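Everything on this sheet refers to the single structure shown next.
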Amino acid sequence: MNTDETKSFCTTGIDASCRVPLLALFGGAALWLVLGLGLGLAAAMSFHAPDMFAGCACLTYGHAQAAANDLLLYGFAIPATLGVMLWIFARLSQAPLALPIVPVVAANIWHLGVLIGTAAILMGDSSGYTWLEYPRVAAVLLFAAFMLIAVSAAATMGFRRDRSLYPSHWFLFAALLWFAWAYSTANLFLISGHPPRGVVQAIIGWWFANNLVFVWLALTGIGIAFYFLPKFAGKPLASSGLTLFAFLTLILFGAWCGIPRSAPAPAWLPATSTFAAMLSLIPVLAIAMVSWKTVGSAGFSLGGGPFGFIKFGTLSFVLSAVLYIGEFCPRHSLVTDFTWYNFGVTQWQLLGFAGMILCGAIYHILPRVMEKELPFPKFAKWSFFVFAIGALVYVIPLLIGGTEQGLKLRDAKNVAFADAGAAALMFFRISTTGQILLLLGSLLLLLNILVMTMQWKLGLLKTAIAAVKAPLETSDALRPDQGEVKS
Amino acid sequence: MKTGLSVFLVSFVALGASWLGLVYGPLKQLGGAKQTVILQSSDNWPQQRTGEATLGLQVYRANGCAACHTEQVRQTGVANEIVLTSLGSNNAVDFKEFIKSLMIVPELLNDSNTIVGNLDPWNGQPPVTLYSGQDSAVVATLADKLKPAGVKTESRIVATGADIDRGWGLRQSVAADYLYDQPVQLGSLRAGPDLTMIGLREPDMNWQLQHLYAPRSLVKDSTMPAFRYLFEVRKIGDKPAPDALVLPKEFAPTDGMEVTPTTEARQLAAYLMSLKANAPLYEAPFTPVTAAK
């Protein structure tokens with residue numbers, strides 16, 4: 001279906017309806033990405049020169065790393081995903097975005113929430129729960145903003161001309177419910193005034209983290225990839241039946257992962273998660289097969305540009321999901337739990353998978369909604385290689401170092417704790433290079449979006465000034481029509 | 001999947017099921033948990049922290065200490081141990097012969113090589129571990145057979161695993177340990193050591209404070225950031241403050257200055273000192289070591 005959709009005569013109108021909401025979502029997201037990677041780099045410095053921030057509370061590892069992780073997820077991945085989702089829904093519906101002002105307002109509320117949350121973490125007001133560090137105010141803002149955007153997205157989907165649903169619809173629409181439910185549950189239980197006693201807090205935290213970082217990112221990332229892969233490859237999505245199977249098994253099994261093997265909780269909980277994790281291999285393999293069949297021979301030609309991003313992201317999904325599932329294997333987890341390995345897998349999910357797919361989508365969507373070329377098209381091309389190499393150099397040493405650290409930690413009789421840490425430290429320090437590359441890539445993205453926004457605003461201003469200056473002519477010429485905005 | 005409603009319903013059922021299983025289920029099972037009784041004791045576990053330590057948990061949270069430290073210990077199994085504590089009137093050589101003669105007992109037959117082997121490097125002075133392994137029948141039988149011979153033995157259950165070997169805990173962490181933590185911060189990375197039992201491993205308040213101020217003054221090559229912002233460097237008044245840190249020269253401030261902990265530092269140290277998961281529980285049994293090992 002989405003191969004036909006380009007034939008539509010009103011694509012320009014559809015794209016233009018997304019312009020302001022998408023600029024608001026993408027612009028903020030790119031800024032948070034840069035800040036998040038920058039803070040991550042500051043956090044990593046603790047392992048190069050431990051005393052670097054000894055006098056500065058807000059940049060010590062515990063503060064900066066939590067803020068950086070949340071910026072990557074809440075600051076970058078989620079708003080960027082929502083923007084791409086709105087555009088995909090409008091395109092698939094062959095209709096302009098419904099309630100376009102709502103996502104603009106919501107985007108600003110969302111970014112305000114992220115700003116408050118980040119400031120709170122840096123000032124030591126973190127809630128102490130992983131992925132839920134933001135204080136109540138910020139959480140309420142994020143939730144409200146998400147619901148507003150969800151309304152706009154659902155309405156756009158509801159107005160679709162072709163009543164049948166495309167696979168991306170399943171994934172992305174399910175993701176709307178997923179975040180709303182998981183985020184509200186976790187915040188109501190943990191950030192409200194009366195959290196449950198004891199280790200239940202940690203269990204709810206694991207459930208939430210899994211449903212957000214694994215399932216939600218998979219739903220949205222694959223939903224987006226399944227829209228773009230057929231488009232770029234120039235043929236329809238390989239197998240609708242297999243895609244449906246992948247979707248159903250992903251939401252059925254994926255949602256039950258998340259409780260680590262080591263959890264100090266009743267044994268049935270980690271056992272259930274292990275079982276679910278093994279079953280989650282099914283949707284991952286199905287997704288790999290569908291993507292492979294769709295892309296076919298174009299699979300390995302890694303040119304830059306959006307196609308490269310999306311292909312890299314899809315491959316990253318499959319690999320990171322397999323590694324993530326590995327965390328729940330009984331034997332494997334004895335080595336990898338509590339090491340840099342799990343940290344590396346999460347970073348891969350966030351940057352290598354979601355980050356790559358989102359960057360590709362943004363680079364593809366932006367020129368269309370703005371109706372003009374990117375200001376620095378070369379940057380877009382470079383940023384693919386910078387990002388891809390950065391992600392690999394960042395994550396692979398963490399995975400190797402983590403495994404090495406885990407093996408040494410297990411050998412309590414022969415290896416001192418400090419030596420196990422030192423073994424991983426070398427790899428960790430290599431991975432910092434990757435962080436620098438990623439930061440560079442994100443700067444290229446931010447620059448493109450920022451300059452584009454400035455140009456657009458200047459254009460608006462020029463039109464407005466021209467309209468004011470214009471002598472009393474016919475009233476038609478005074479109206480700053482959206483079509484004239486491209487200066 | 002023809003309509004939006006069907007997608008919604010399917011997702012609702014899928015996520016709802018996992019919510020029931022992994023959120024509602026644990027809430028029902030553990031949400032109303034109360035203190036438990038420590039094995040072979042009438043004391044309850046865990047105890048509420050007292051003032052300073054309770055506030056220290058919040059300092060621990062605010063500084064994100066859980067980003068690098070876990071508070072959970074894993075255990076791979078338990079071993080049943082029997083230790084000879086006194087020979088009584090017997091001598092070591094006779095005892096060894098006696099043990100060898102016992103190896104025809106059916107319960108001991110499988111492990112005879114291990115048991116005899118354990119005594120090979122023995123210097124003849126108790127205590128010595130006669131058996132340490134999975135089979136509780138071996139321990140029971142040995143205790144039973146050795147008792148009439150006039151030697152004293154001690155049978156105990158010990159937790160096994162790398163974390164236990166590192167001395168981070170005496171047993172695995174269980175749900176009950178975190179009853180009074182708010183928030184519960186289990187941690188997921190061991191860039192630094194596990195802290196489950198740090199209050200027993202480093203029971204000196206001054207050690208904790210100095211370690212927070214200058215980690216490398218106590219642990220060479222430590223990667224822990226120095227938390228100097230939790231301390232105050234000030235001019236020495238008429239006489240040095242009683243709580244000023246005693247620092248080695250290279251970490252000390254310039255002459256005439258002293259380092260004193262802020263309230264936050266003292267609270268954090270009090271919290272660390274309160275971390276002592278040393279109670280044997282029904283779900284995580286072990287025998288506390290009282291006799292000399």
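Please note that chains go A, B, ... in the order of the structure tokens, that every chain numbers its residues from 1, and that ligands are numbered from 1 in the order shown.
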Enumerate as a PDB file with N, CA, C and O atoms, in the first residue's frame the residues belonging to chain B that approach chain A to within 7 Å, with only C-alpha atoms taken into account.
```pdb
ATOM      1  N   LYS B   2      -7.633  -5.920  10.761  1.00  0.00           N
ATOM      2  CA  LYS B   2      -8.278  -5.088   9.757  1.00  0.00           C
ATOM      3  C   LYS B   2      -8.584  -3.682  10.278  1.00  0.00           C
ATOM      4  O   LYS B   2      -8.618  -2.715   9.534  1.00  0.00           O
ATOM      5  N   THR B   3      -8.830  -3.574  11.567  1.00  0.00           N
ATOM      6  CA  THR B   3      -9.250  -2.269  12.088  1.00  0.00           C
ATOM      7  C   THR B   3      -8.358  -1.838  13.250  1.00  0.00           C
ATOM      8  O   THR B   3      -7.679  -2.659  13.868  1.00  0.00           O
ATOM      9  N   VAL B   7      -6.383  -3.945  16.607  1.00  0.00           N
ATOM     10  CA  VAL B   7      -5.001  -3.746  17.050  1.00  0.00           C
ATOM     11  C   VAL B   7      -4.992  -3.338  18.517  1.00  0.00           C
ATOM     12  O   VAL B   7      -4.225  -3.849  19.334  1.00  0.00           O
ATOM     13  N   PHE B   8      -5.902  -2.423  18.858  1.00  0.00           N
ATOM     14  CA  PHE B   8      -5.974  -1.946  20.234  1.00  0.00           C
ATOM     15  C   PHE B   8      -6.279  -3.097  21.180  1.00  0.00           C
ATOM     16  O   PHE B   8      -5.625  -3.268  22.204  1.00  0.00           O
ATOM     17  N   SER B  11      -3.341  -5.546  21.561  1.00  0.00           N
ATOM     18  CA  SER B  11      -2.269  -4.973  22.382  1.00  0.00           C
ATOM     19  C   SER B  11      -2.713  -4.882  23.835  1.00  0.00           C
ATOM     20  O   SER B  11      -1.927  -5.125  24.754  1.00  0.00           O
ATOM     21  N   ALA B  14      -2.365  -8.258  25.372  1.00  0.00           N
ATOM     22  CA  ALA B  14      -0.970  -8.671  25.543  1.00  0.00           C
ATOM     23  C   ALA B  14      -0.308  -7.922  26.699  1.00  0.00           C
ATOM     24  O   ALA B  14       0.306  -8.521  27.581  1.00  0.00           O
ATOM     25  N   LEU B  15      -0.464  -6.605  26.686  1.00  0.00           N
ATOM     26  CA  LEU B  15       0.189  -5.836  27.742  1.00  0.00           C
ATOM     27  C   LEU B  15      -0.522  -6.065  29.073  1.00  0.00           C
ATOM     28  O   LEU B  15       0.111  -6.143  30.131  1.00  0.00           O
ATOM     29  N   SER B  18       0.712  -9.169  30.776  1.00  0.00           N
ATOM     30  CA  SER B  18       2.023  -9.033  31.430  1.00  0.00           C
ATOM     31  C   SER B  18       1.909  -8.115  32.643  1.00  0.00           C
ATOM     32  O   SER B  18       2.613  -8.285  33.634  1.00  0.00           O
ATOM     33  N   LEU B  22       3.368  -9.478  35.957  1.00  0.00           N
ATOM     34  CA  LEU B  22       4.626  -8.939  36.480  1.00  0.00           C
ATOM     35  C   LEU B  22       4.441  -7.683  37.345  1.00  0.00           C
ATOM     36  O   LEU B  22       5.389  -7.215  37.942  1.00  0.00           O
ATOM     37  N   VAL B  23       3.236  -7.132  37.380  1.00  0.00           N
ATOM     38  CA  VAL B  23       3.019  -5.986  38.270  1.00  0.00           C
ATOM     39  C   VAL B  23       2.028  -6.351  39.368  1.00  0.00           C
ATOM     40  O   VAL B  23       2.325  -6.270  40.558  1.00  0.00           O
ATOM     41  N   PRO B  26       3.223  -9.736  41.607  1.00  0.00           N
ATOM     42  CA  PRO B  26       4.187  -9.442  42.673  1.00  0.00           C
ATOM     43  C   PRO B  26       3.626  -8.526  43.756  1.00  0.00           C
ATOM     44  O   PRO B  26       3.942  -8.679  44.932  1.00  0.00           O
ATOM     45  N   LEU B  27       2.741  -7.586  43.339  1.00  0.00           N
ATOM     46  CA  LEU B  27       2.137  -6.706  44.340  1.00  0.00           C
ATOM     47  C   LEU B  27       1.335  -7.514  45.340  1.00  0.00           C
ATOM     48  O   LEU B  27       1.406  -7.282  46.548  1.00  0.00           O
ATOM     49  N   LEU B  30       4.010  -9.833  47.308  1.00  0.00           N
ATOM     50  CA  LEU B  30       5.041  -9.229  48.164  1.00  0.00           C
ATOM     51  C   LEU B  30       4.646  -7.872  48.728  1.00  0.00           C
ATOM     52  O   LEU B  30       5.294  -7.385  49.641  1.00  0.00           O
ATOM     53  N   GLY B  31       3.616  -7.267  48.136  1.00  0.00           N
ATOM     54  CA  GLY B  31       3.290  -5.890  48.524  1.00  0.00           C
ATOM     55  C   GLY B  31       2.950  -5.753  49.990  1.00  0.00           C
ATOM     56  O   GLY B  31       3.199  -4.708  50.597  1.00  0.00           O
ATOM     57  N   ARG B  61      20.744   8.007  46.997  1.00  0.00           N
ATOM     58  CA  ARG B  61      19.868   8.165  45.833  1.00  0.00           C
ATOM     59  C   ARG B  61      20.242   9.407  45.037  1.00  0.00           C
ATOM     60  O   ARG B  61      20.431   9.357  43.819  1.00  0.00           O
ATOM     61  N   ALA B  62      20.383  10.546  45.748  1.00  0.00           N
ATOM     62  CA  ALA B  62      20.605  11.819  45.067  1.00  0.00           C
ATOM     63  C   ALA B  62      21.897  11.787  44.247  1.00  0.00           C
ATOM     64  O   ALA B  62      21.982  12.383  43.182  1.00  0.00           O
ATOM     65  N   ASN B  63      22.907  11.079  44.743  1.00  0.00           N
ATOM     66  CA  ASN B  63      24.181  11.050  44.038  1.00  0.00           C
ATOM     67  C   ASN B  63      24.288   9.902  43.055  1.00  0.00           C
ATOM     68  O   ASN B  63      25.335   9.687  42.445  1.00  0.00           O
ATOM     69  N   GLY B  64      23.201   9.147  42.921  1.00  0.00           N
ATOM     70  CA  GLY B  64      23.193   8.073  41.928  1.00  0.00           C
ATOM     71  C   GLY B  64      24.255   7.024  42.184  1.00  0.00           C
ATOM     72  O   GLY B  64      24.843   6.494  41.241  1.00  0.00           O
ATOM     73  N   CYS B  65      24.512   6.701  43.440  1.00  0.00           N
ATOM     74  CA  CYS B  65      25.555   5.720  43.753  1.00  0.00           C
ATOM     75  C   CYS B  65      25.230   4.360  43.120  1.00  0.00           C
ATOM     76  O   CYS B  65      26.137   3.598  42.764  1.00  0.00           O
ATOM     77  N   ALA B  67      24.372   3.722  40.338  1.00  0.00           N
ATOM     78  CA  ALA B  67      24.820   3.581  38.947  1.00  0.00           C
ATOM     79  C   ALA B  67      26.041   2.676  38.862  1.00  0.00           C
ATOM     80  O   ALA B  67      26.291   2.070  37.827  1.00  0.00           O
ATOM     81  N   ARG B  74      24.446 -12.643  44.611  1.00  0.00           N
ATOM     82  CA  ARG B  74      23.941 -13.872  44.019  1.00  0.00           C
ATOM     83  C   ARG B  74      24.592 -15.069  44.694  1.00  0.00           C
ATOM     84  O   ARG B  74      25.676 -14.969  45.237  1.00  0.00           O
ATOM     85  N   ALA B 162      30.433 -17.009  43.451  1.00  0.00           N
ATOM     86  CA  ALA B 162      31.534 -16.057  43.334  1.00  0.00           C
ATOM     87  C   ALA B 162      31.328 -14.851  44.245  1.00  0.00           C
ATOM     88  O   ALA B 162      32.273 -14.362  44.866  1.00  0.00           O
ATOM     89  N   ASP B 165      32.197 -15.788  47.684  1.00  0.00           N
ATOM     90  CA  ASP B 165      33.646 -15.952  47.809  1.00  0.00           C
ATOM     91  C   ASP B 165      34.351 -14.603  47.916  1.00  0.00           C
ATOM     92  O   ASP B 165      35.396 -14.481  48.559  1.00  0.00           O
ATOM     93  N   ARG B 166      33.797 -13.589  47.244  1.00  0.00           N
ATOM     94  CA  ARG B 166      34.408 -12.261  47.326  1.00  0.00           C
ATOM     95  C   ARG B 166      34.137 -11.586  48.658  1.00  0.00           C
ATOM     96  O   ARG B 166      34.614 -10.482  48.906  1.00  0.00           O
ATOM     97  N   SER B 173      20.889 -12.365  48.349  1.00  0.00           N
ATOM     98  CA  SER B 173      19.912 -11.365  48.749  1.00  0.00           C
ATOM     99  C   SER B 173      18.519 -11.880  48.428  1.00  0.00           C
ATOM    100  O   SER B 173      18.315 -12.551  47.426  1.00  0.00           O
ATOM    101  N   VAL B 174      17.591 -11.594  49.294  1.00  0.00           N
ATOM    102  CA  VAL B 174      16.206 -12.015  49.059  1.00  0.00           C
ATOM    103  C   VAL B 174      15.288 -10.814  49.211  1.00  0.00           C
ATOM    104  O   VAL B 174      15.687  -9.758  49.721  1.00  0.00           O
ATOM    105  N   ALA B 175      14.044 -10.997  48.773  1.00  0.00           N
ATOM    106  CA  ALA B 175      13.082  -9.893  48.758  1.00  0.00           C
ATOM    107  C   ALA B 175      12.975  -9.211  50.128  1.00  0.00           C
ATOM    108  O   ALA B 175      12.884  -7.986  50.221  1.00  0.00           O
ATOM    109  N   TYR B 178      14.859  -5.848  51.480  1.00  0.00           N
ATOM    110  CA  TYR B 178      14.650  -4.469  51.022  1.00  0.00           C
ATOM    111  C   TYR B 178      13.356  -3.870  51.558  1.00  0.00           C
ATOM    112  O   TYR B 178      12.900  -2.844  51.061  1.00  0.00           O
ATOM    113  N   LEU B 179      12.790  -4.521  52.571  1.00  0.00           N
ATOM    114  CA  LEU B 179      11.466  -4.120  53.056  1.00  0.00           C
ATOM    115  C   LEU B 179      11.392  -2.636  53.380  1.00  0.00           C
ATOM    116  O   LEU B 179      10.420  -1.963  53.062  1.00  0.00           O
ATOM    117  N   TYR B 180      12.409  -2.099  53.994  1.00  0.00           N
ATOM    118  CA  TYR B 180      12.330  -0.710  54.454  1.00  0.00           C
ATOM    119  C   TYR B 180      13.094   0.274  53.574  1.00  0.00           C
ATOM    120  O   TYR B 180      13.246   1.427  53.940  1.00  0.00           O
ATOM    121  N   ASP B 181      13.613  -0.199  52.429  1.00  0.00           N
ATOM    122  CA  ASP B 181      14.319   0.733  51.535  1.00  0.00           C
ATOM    123  C   ASP B 181      13.308   1.569  50.768  1.00  0.00           C
ATOM    124  O   ASP B 181      12.342   1.045  50.238  1.00  0.00           O
ATOM    125  N   PRO B 183      13.805   4.859  48.097  1.00  0.00           N
ATOM    126  CA  PRO B 183      13.531   3.835  47.090  1.00  0.00           C
ATOM    127  C   PRO B 183      14.460   2.625  47.199  1.00  0.00           C
ATOM    128  O   PRO B 183      15.536   2.726  47.774  1.00  0.00           O
ATOM    129  N   VAL B 184      13.989   1.495  46.626  1.00  0.00           N
ATOM    130  CA  VAL B 184      14.833   0.303  46.542  1.00  0.00           C
ATOM    131  C   VAL B 184      15.820   0.510  45.395  1.00  0.00           C
ATOM    132  O   VAL B 184      15.412   0.774  44.272  1.00  0.00           O
ATOM    133  N   GLN B 185      17.110   0.452  45.704  1.00  0.00           N
ATOM    134  CA  GLN B 185      18.125   0.675  44.658  1.00  0.00           C
ATOM    135  C   GLN B 185      19.041  -0.518  44.580  1.00  0.00           C
ATOM    136  O   GLN B 185      20.041  -0.587  45.284  1.00  0.00           O
ATOM    137  N   SER B 188      22.633  -2.114  38.903  1.00  0.00           N
ATOM    138  CA  SER B 188      22.734  -3.090  37.821  1.00  0.00           C
ATOM    139  C   SER B 188      24.143  -3.171  37.265  1.00  0.00           C
ATOM    140  O   SER B 188      24.387  -3.863  36.293  1.00  0.00           O
ATOM    141  N   LEU B 189      25.069  -2.466  37.863  1.00  0.00           N
ATOM    142  CA  LEU B 189      26.434  -2.476  37.346  1.00  0.00           C
ATOM    143  C   LEU B 189      27.404  -2.511  38.521  1.00  0.00           C
ATOM    144  O   LEU B 189      27.189  -1.844  39.535  1.00  0.00           O
ATOM    145  N   ARG B 190      28.449  -3.342  38.357  1.00  0.00           N
ATOM    146  CA  ARG B 190      29.457  -3.390  39.407  1.00  0.00           C
ATOM    147  C   ARG B 190      30.753  -2.759  38.919  1.00  0.00           C
ATOM    148  O   ARG B 190      31.776  -3.434  38.793  1.00  0.00           O
ATOM    149  N   ALA B 191      30.669  -1.466  38.612  1.00  0.00           N
ATOM    150  CA  ALA B 191      31.905  -0.734  38.361  1.00  0.00           C
ATOM    151  C   ALA B 191      32.652  -0.620  39.680  1.00  0.00           C
ATOM    152  O   ALA B 191      33.873  -0.548  39.715  1.00  0.00           O
ATOM    153  N   THR B 223      38.473   3.475  40.856  1.00  0.00           N
ATOM    154  CA  THR B 223      37.913   4.351  39.825  1.00  0.00           C
ATOM    155  C   THR B 223      36.777   5.201  40.380  1.00  0.00           C
ATOM    156  O   THR B 223      36.086   5.881  39.636  1.00  0.00           O
ATOM    157  N   MET B 224      36.570   5.130  41.674  1.00  0.00           N
ATOM    158  CA  MET B 224      35.461   5.903  42.252  1.00  0.00           C
ATOM    159  C   MET B 224      35.786   7.393  42.222  1.00  0.00           C
ATOM    160  O   MET B 224      36.886   7.798  42.582  1.00  0.00           O
ATOM    161  N   PRO B 225      34.842   8.219  41.769  1.00  0.00           N
ATOM    162  CA  PRO B 225      35.089   9.660  41.825  1.00  0.00           C
ATOM    163  C   PRO B 225      35.209  10.092  43.293  1.00  0.00           C
ATOM    164  O   PRO B 225      34.580   9.509  44.164  1.00  0.00           O
ATOM    165  N   ALA B 226      36.033  11.082  43.533  1.00  0.00           N
ATOM    166  CA  ALA B 226      36.116  11.630  44.890  1.00  0.00           C
ATOM    167  C   ALA B 226      34.903  12.526  45.125  1.00  0.00           C
ATOM    168  O   ALA B 226      34.580  13.348  44.284  1.00  0.00           O
ATOM    169  N   PHE B 227      34.226  12.322  46.243  1.00  0.00           N
ATOM    170  CA  PHE B 227      33.030  13.133  46.521  1.00  0.00           C
ATOM    171  C   PHE B 227      33.399  14.291  47.436  1.00  0.00           C
ATOM    172  O   PHE B 227      32.892  14.412  48.545  1.00  0.00           O
ATOM    173  N   ARG B 228      34.296  15.145  46.907  1.00  0.00           N
ATOM    174  CA  ARG B 228      34.801  16.223  47.757  1.00  0.00           C
ATOM    175  C   ARG B 228      33.740  17.257  48.067  1.00  0.00           C
ATOM    176  O   ARG B 228      33.839  17.972  49.045  1.00  0.00           O
ATOM    177  N   TYR B 229      32.731  17.326  47.221  1.00  0.00           N
ATOM    178  CA  TYR B 229      31.694  18.329  47.491  1.00  0.00           C
ATOM    179  C   TYR B 229      30.819  17.953  48.687  1.00  0.00           C
ATOM    180  O   TYR B 229      29.973  18.717  49.094  1.00  0.00           O
TER     181      TYR B 229
END
```
(message) as a ChimeraX atom specification, please: every residue in range 190-225 of chain B that DSSP puts in alpha helix (DSSP H).
(response) /B:198-201,205-213
Any chance you could export the current selection's C-alpha atoms as an mmCIF file, in the first residue's frame?
```
data_model
loop_
_atom_site.group_PDB
_atom_site.id
_atom_site.type_symbol
_atom_site.label_atom_id
_atom_site.label_comp_id
_atom_site.auth_asym_id
_atom_site.auth_seq_id
_atom_site.Cartn_x
_atom_site.Cartn_y
_atom_site.Cartn_z
ATOM 1 C CA ILE B 198 29.730 -2.995 53.383
ATOM 2 C CA GLY B 199 28.731 -2.104 56.946
ATOM 3 C CA LEU B 200 30.348 -5.340 58.117
ATOM 4 C CA ARG B 201 33.252 -5.313 55.710
ATOM 5 C CA MET B 205 33.064 5.301 60.156
ATOM 6 C CA ASN B 206 36.333 7.155 59.592
ATOM 7 C CA TRP B 207 37.314 4.714 56.878
ATOM 8 C CA GLN B 208 34.014 5.349 55.112
ATOM 9 C CA LEU B 209 34.401 9.114 55.326
ATOM 10 C CA GLN B 210 37.985 9.147 54.169
ATOM 11 C CA HIS B 211 37.068 6.787 51.329
ATOM 12 C CA LEU B 212 34.337 9.173 50.192
ATOM 13 C CA TYR B 213 36.697 12.138 50.297
#
```
(message) When you look at range 79-89 of chain B with a cut-off of 8 Å (counting only C-alpha atoms), what residues show up, excluding the ones that are within fewer than 2 positions of it in the same chain? I need them as a PyMOL selection string.
(response) chain B and resi 77+91-92+95+126-136+139+142-143+150-160
Dump of N, CA, C and O atoms for the selected residues, as a CSV table (one decimal), in the first residue's frame:
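See again18.csv below for the written result:
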```csv
chain,number,residue,atom,x,y,z
B,77,GLY,N,24.5,-21.9,45.1
B,77,GLY,CA,24.0,-23.0,45.8
B,77,GLY,C,24.3,-23.0,47.2
B,77,GLY,O,24.8,-22.0,47.7
B,91,ASN,N,44.3,-39.0,68.9
B,91,ASN,CA,45.3,-38.3,68.1
B,91,ASN,C,45.0,-38.3,66.7
B,91,ASN,O,44.2,-39.1,66.2
B,92,ALA,N,45.7,-37.5,65.9
B,92,ALA,CA,45.4,-37.2,64.5
B,92,ALA,C,45.5,-38.4,63.7
B,92,ALA,O,44.7,-38.7,62.8
B,95,PHE,N,42.8,-40.8,64.2
B,95,PHE,CA,41.6,-40.2,63.6
B,95,PHE,C,41.5,-40.4,62.1
B,95,PHE,O,40.5,-40.8,61.6
B,126,PRO,N,43.0,-29.3,64.8
B,126,PRO,CA,41.7,-28.8,64.4
B,126,PRO,C,41.7,-27.3,64.4
B,126,PRO,O,42.5,-26.7,65.1
B,127,PRO,N,40.8,-26.6,63.8
B,127,PRO,CA,39.7,-27.2,63.0
B,127,PRO,C,40.2,-27.6,61.6
B,127,PRO,O,41.1,-27.0,61.0
B,128,VAL,N,39.5,-28.6,61.0
B,128,VAL,CA,39.7,-28.9,59.6
B,128,VAL,C,38.3,-29.3,59.0
B,128,VAL,O,37.5,-29.9,59.7
B,129,THR,N,38.1,-28.9,57.8
B,129,THR,CA,36.9,-29.2,57.1
B,129,THR,C,36.9,-30.6,56.6
B,129,THR,O,37.8,-31.0,55.8
B,130,LEU,N,36.0,-31.5,57.1
B,130,LEU,CA,36.0,-32.9,56.7
B,130,LEU,C,35.3,-33.1,55.4
B,130,LEU,O,35.7,-33.9,54.6
B,131,TYR,N,34.2,-32.3,55.2
B,131,TYR,CA,33.5,-32.5,54.0
B,131,TYR,C,32.7,-31.1,53.7
B,131,TYR,O,32.3,-30.5,54.6
B,132,SER,N,32.7,-30.8,52.4
B,132,SER,CA,32.0,-29.6,52.0
B,132,SER,C,31.4,-29.9,50.7
B,132,SER,O,32.1,-30.0,49.7
B,133,GLY,N,30.1,-30.0,50.6
B,133,GLY,CA,29.5,-30.4,49.3
B,133,GLY,C,28.0,-30.4,49.4
B,133,GLY,O,27.4,-30.0,50.3
B,134,GLN,N,27.4,-31.0,48.3
B,134,GLN,CA,25.9,-30.9,48.2
B,134,GLN,C,25.2,-31.9,49.1
B,134,GLN,O,24.1,-31.6,49.5
B,135,ASP,N,25.8,-33.0,49.5
B,135,ASP,CA,25.1,-34.1,50.1
B,135,ASP,C,25.0,-33.9,51.6
B,135,ASP,O,25.9,-34.1,52.3
B,136,SER,N,23.7,-33.6,52.0
B,136,SER,CA,23.6,-33.4,53.5
B,136,SER,C,23.6,-34.7,54.2
B,136,SER,O,23.9,-34.8,55.4
B,139,VAL,N,27.1,-35.3,55.7
B,139,VAL,CA,27.4,-34.6,56.9
B,139,VAL,C,26.7,-35.2,58.1
B,139,VAL,O,27.3,-35.4,59.2
B,142,LEU,N,28.5,-38.5,59.0
B,142,LEU,CA,29.8,-38.3,59.6
B,142,LEU,C,29.6,-37.8,61.0
B,142,LEU,O,30.3,-38.3,62.0
B,143,ALA,N,28.7,-36.9,61.2
B,143,ALA,CA,28.4,-36.4,62.6
B,143,ALA,C,28.0,-37.5,63.5
B,143,ALA,O,28.5,-37.6,64.6
B,150,GLY,N,34.2,-39.6,70.5
B,150,GLY,CA,34.7,-38.5,71.4
B,150,GLY,C,35.3,-37.3,70.8
B,150,GLY,O,35.9,-36.5,71.4
B,151,VAL,N,35.2,-37.2,69.4
B,151,VAL,CA,35.6,-35.9,68.8
B,151,VAL,C,34.5,-35.0,68.6
B,151,VAL,O,33.3,-35.4,68.6
B,152,LYS,N,34.8,-33.7,68.5
B,152,LYS,CA,33.7,-32.7,68.4
B,152,LYS,C,33.7,-32.2,66.9
B,152,LYS,O,34.7,-31.9,66.4
B,153,THR,N,32.5,-32.2,66.4
B,153,THR,CA,32.4,-31.6,65.0
B,153,THR,C,31.3,-30.6,65.0
B,153,THR,O,30.5,-30.5,66.0
B,154,GLU,N,31.3,-29.8,64.0
B,154,GLU,CA,30.3,-28.7,63.8
B,154,GLU,C,29.8,-28.9,62.4
B,154,GLU,O,30.6,-28.8,61.4
B,155,SER,N,28.5,-29.0,62.2
B,155,SER,CA,27.9,-29.0,60.9
B,155,SER,C,27.4,-27.7,60.6
B,155,SER,O,26.7,-27.1,61.4
B,156,ARG,N,27.6,-27.2,59.4
B,156,ARG,CA,27.0,-26.0,59.0
B,156,ARG,C,26.6,-25.9,57.5
B,156,ARG,O,27.1,-26.7,56.7
B,157,ILE,N,25.7,-25.0,57.2
B,157,ILE,CA,25.3,-24.7,55.8
B,157,ILE,C,26.0,-23.5,55.4
B,157,ILE,O,25.9,-22.4,56.1
B,158,VAL,N,26.7,-23.5,54.3
B,158,VAL,CA,27.3,-22.3,53.8
B,158,VAL,C,26.8,-22.0,52.4
B,158,VAL,O,26.5,-23.0,51.6
B,159,ALA,N,26.6,-20.7,52.0
B,159,ALA,CA,26.2,-20.4,50.7
B,159,ALA,C,27.5,-20.4,49.8
B,159,ALA,O,28.6,-20.2,50.3
B,160,THR,N,27.3,-20.7,48.5
B,160,THR,CA,28.4,-20.8,47.6
B,160,THR,C,28.2,-19.9,46.4
B,160,THR,O,27.0,-19.5,46.2
```
(message) Give me the residues near Asp243 in chain B as a PyMOL selection string, where near means some atom within 9 Å (using only C-alpha atoms) and where sequence neighbours in that chain fewer than 2 positions away do not count.
(response) chain B and resi 206+240-241+245-246+259-261
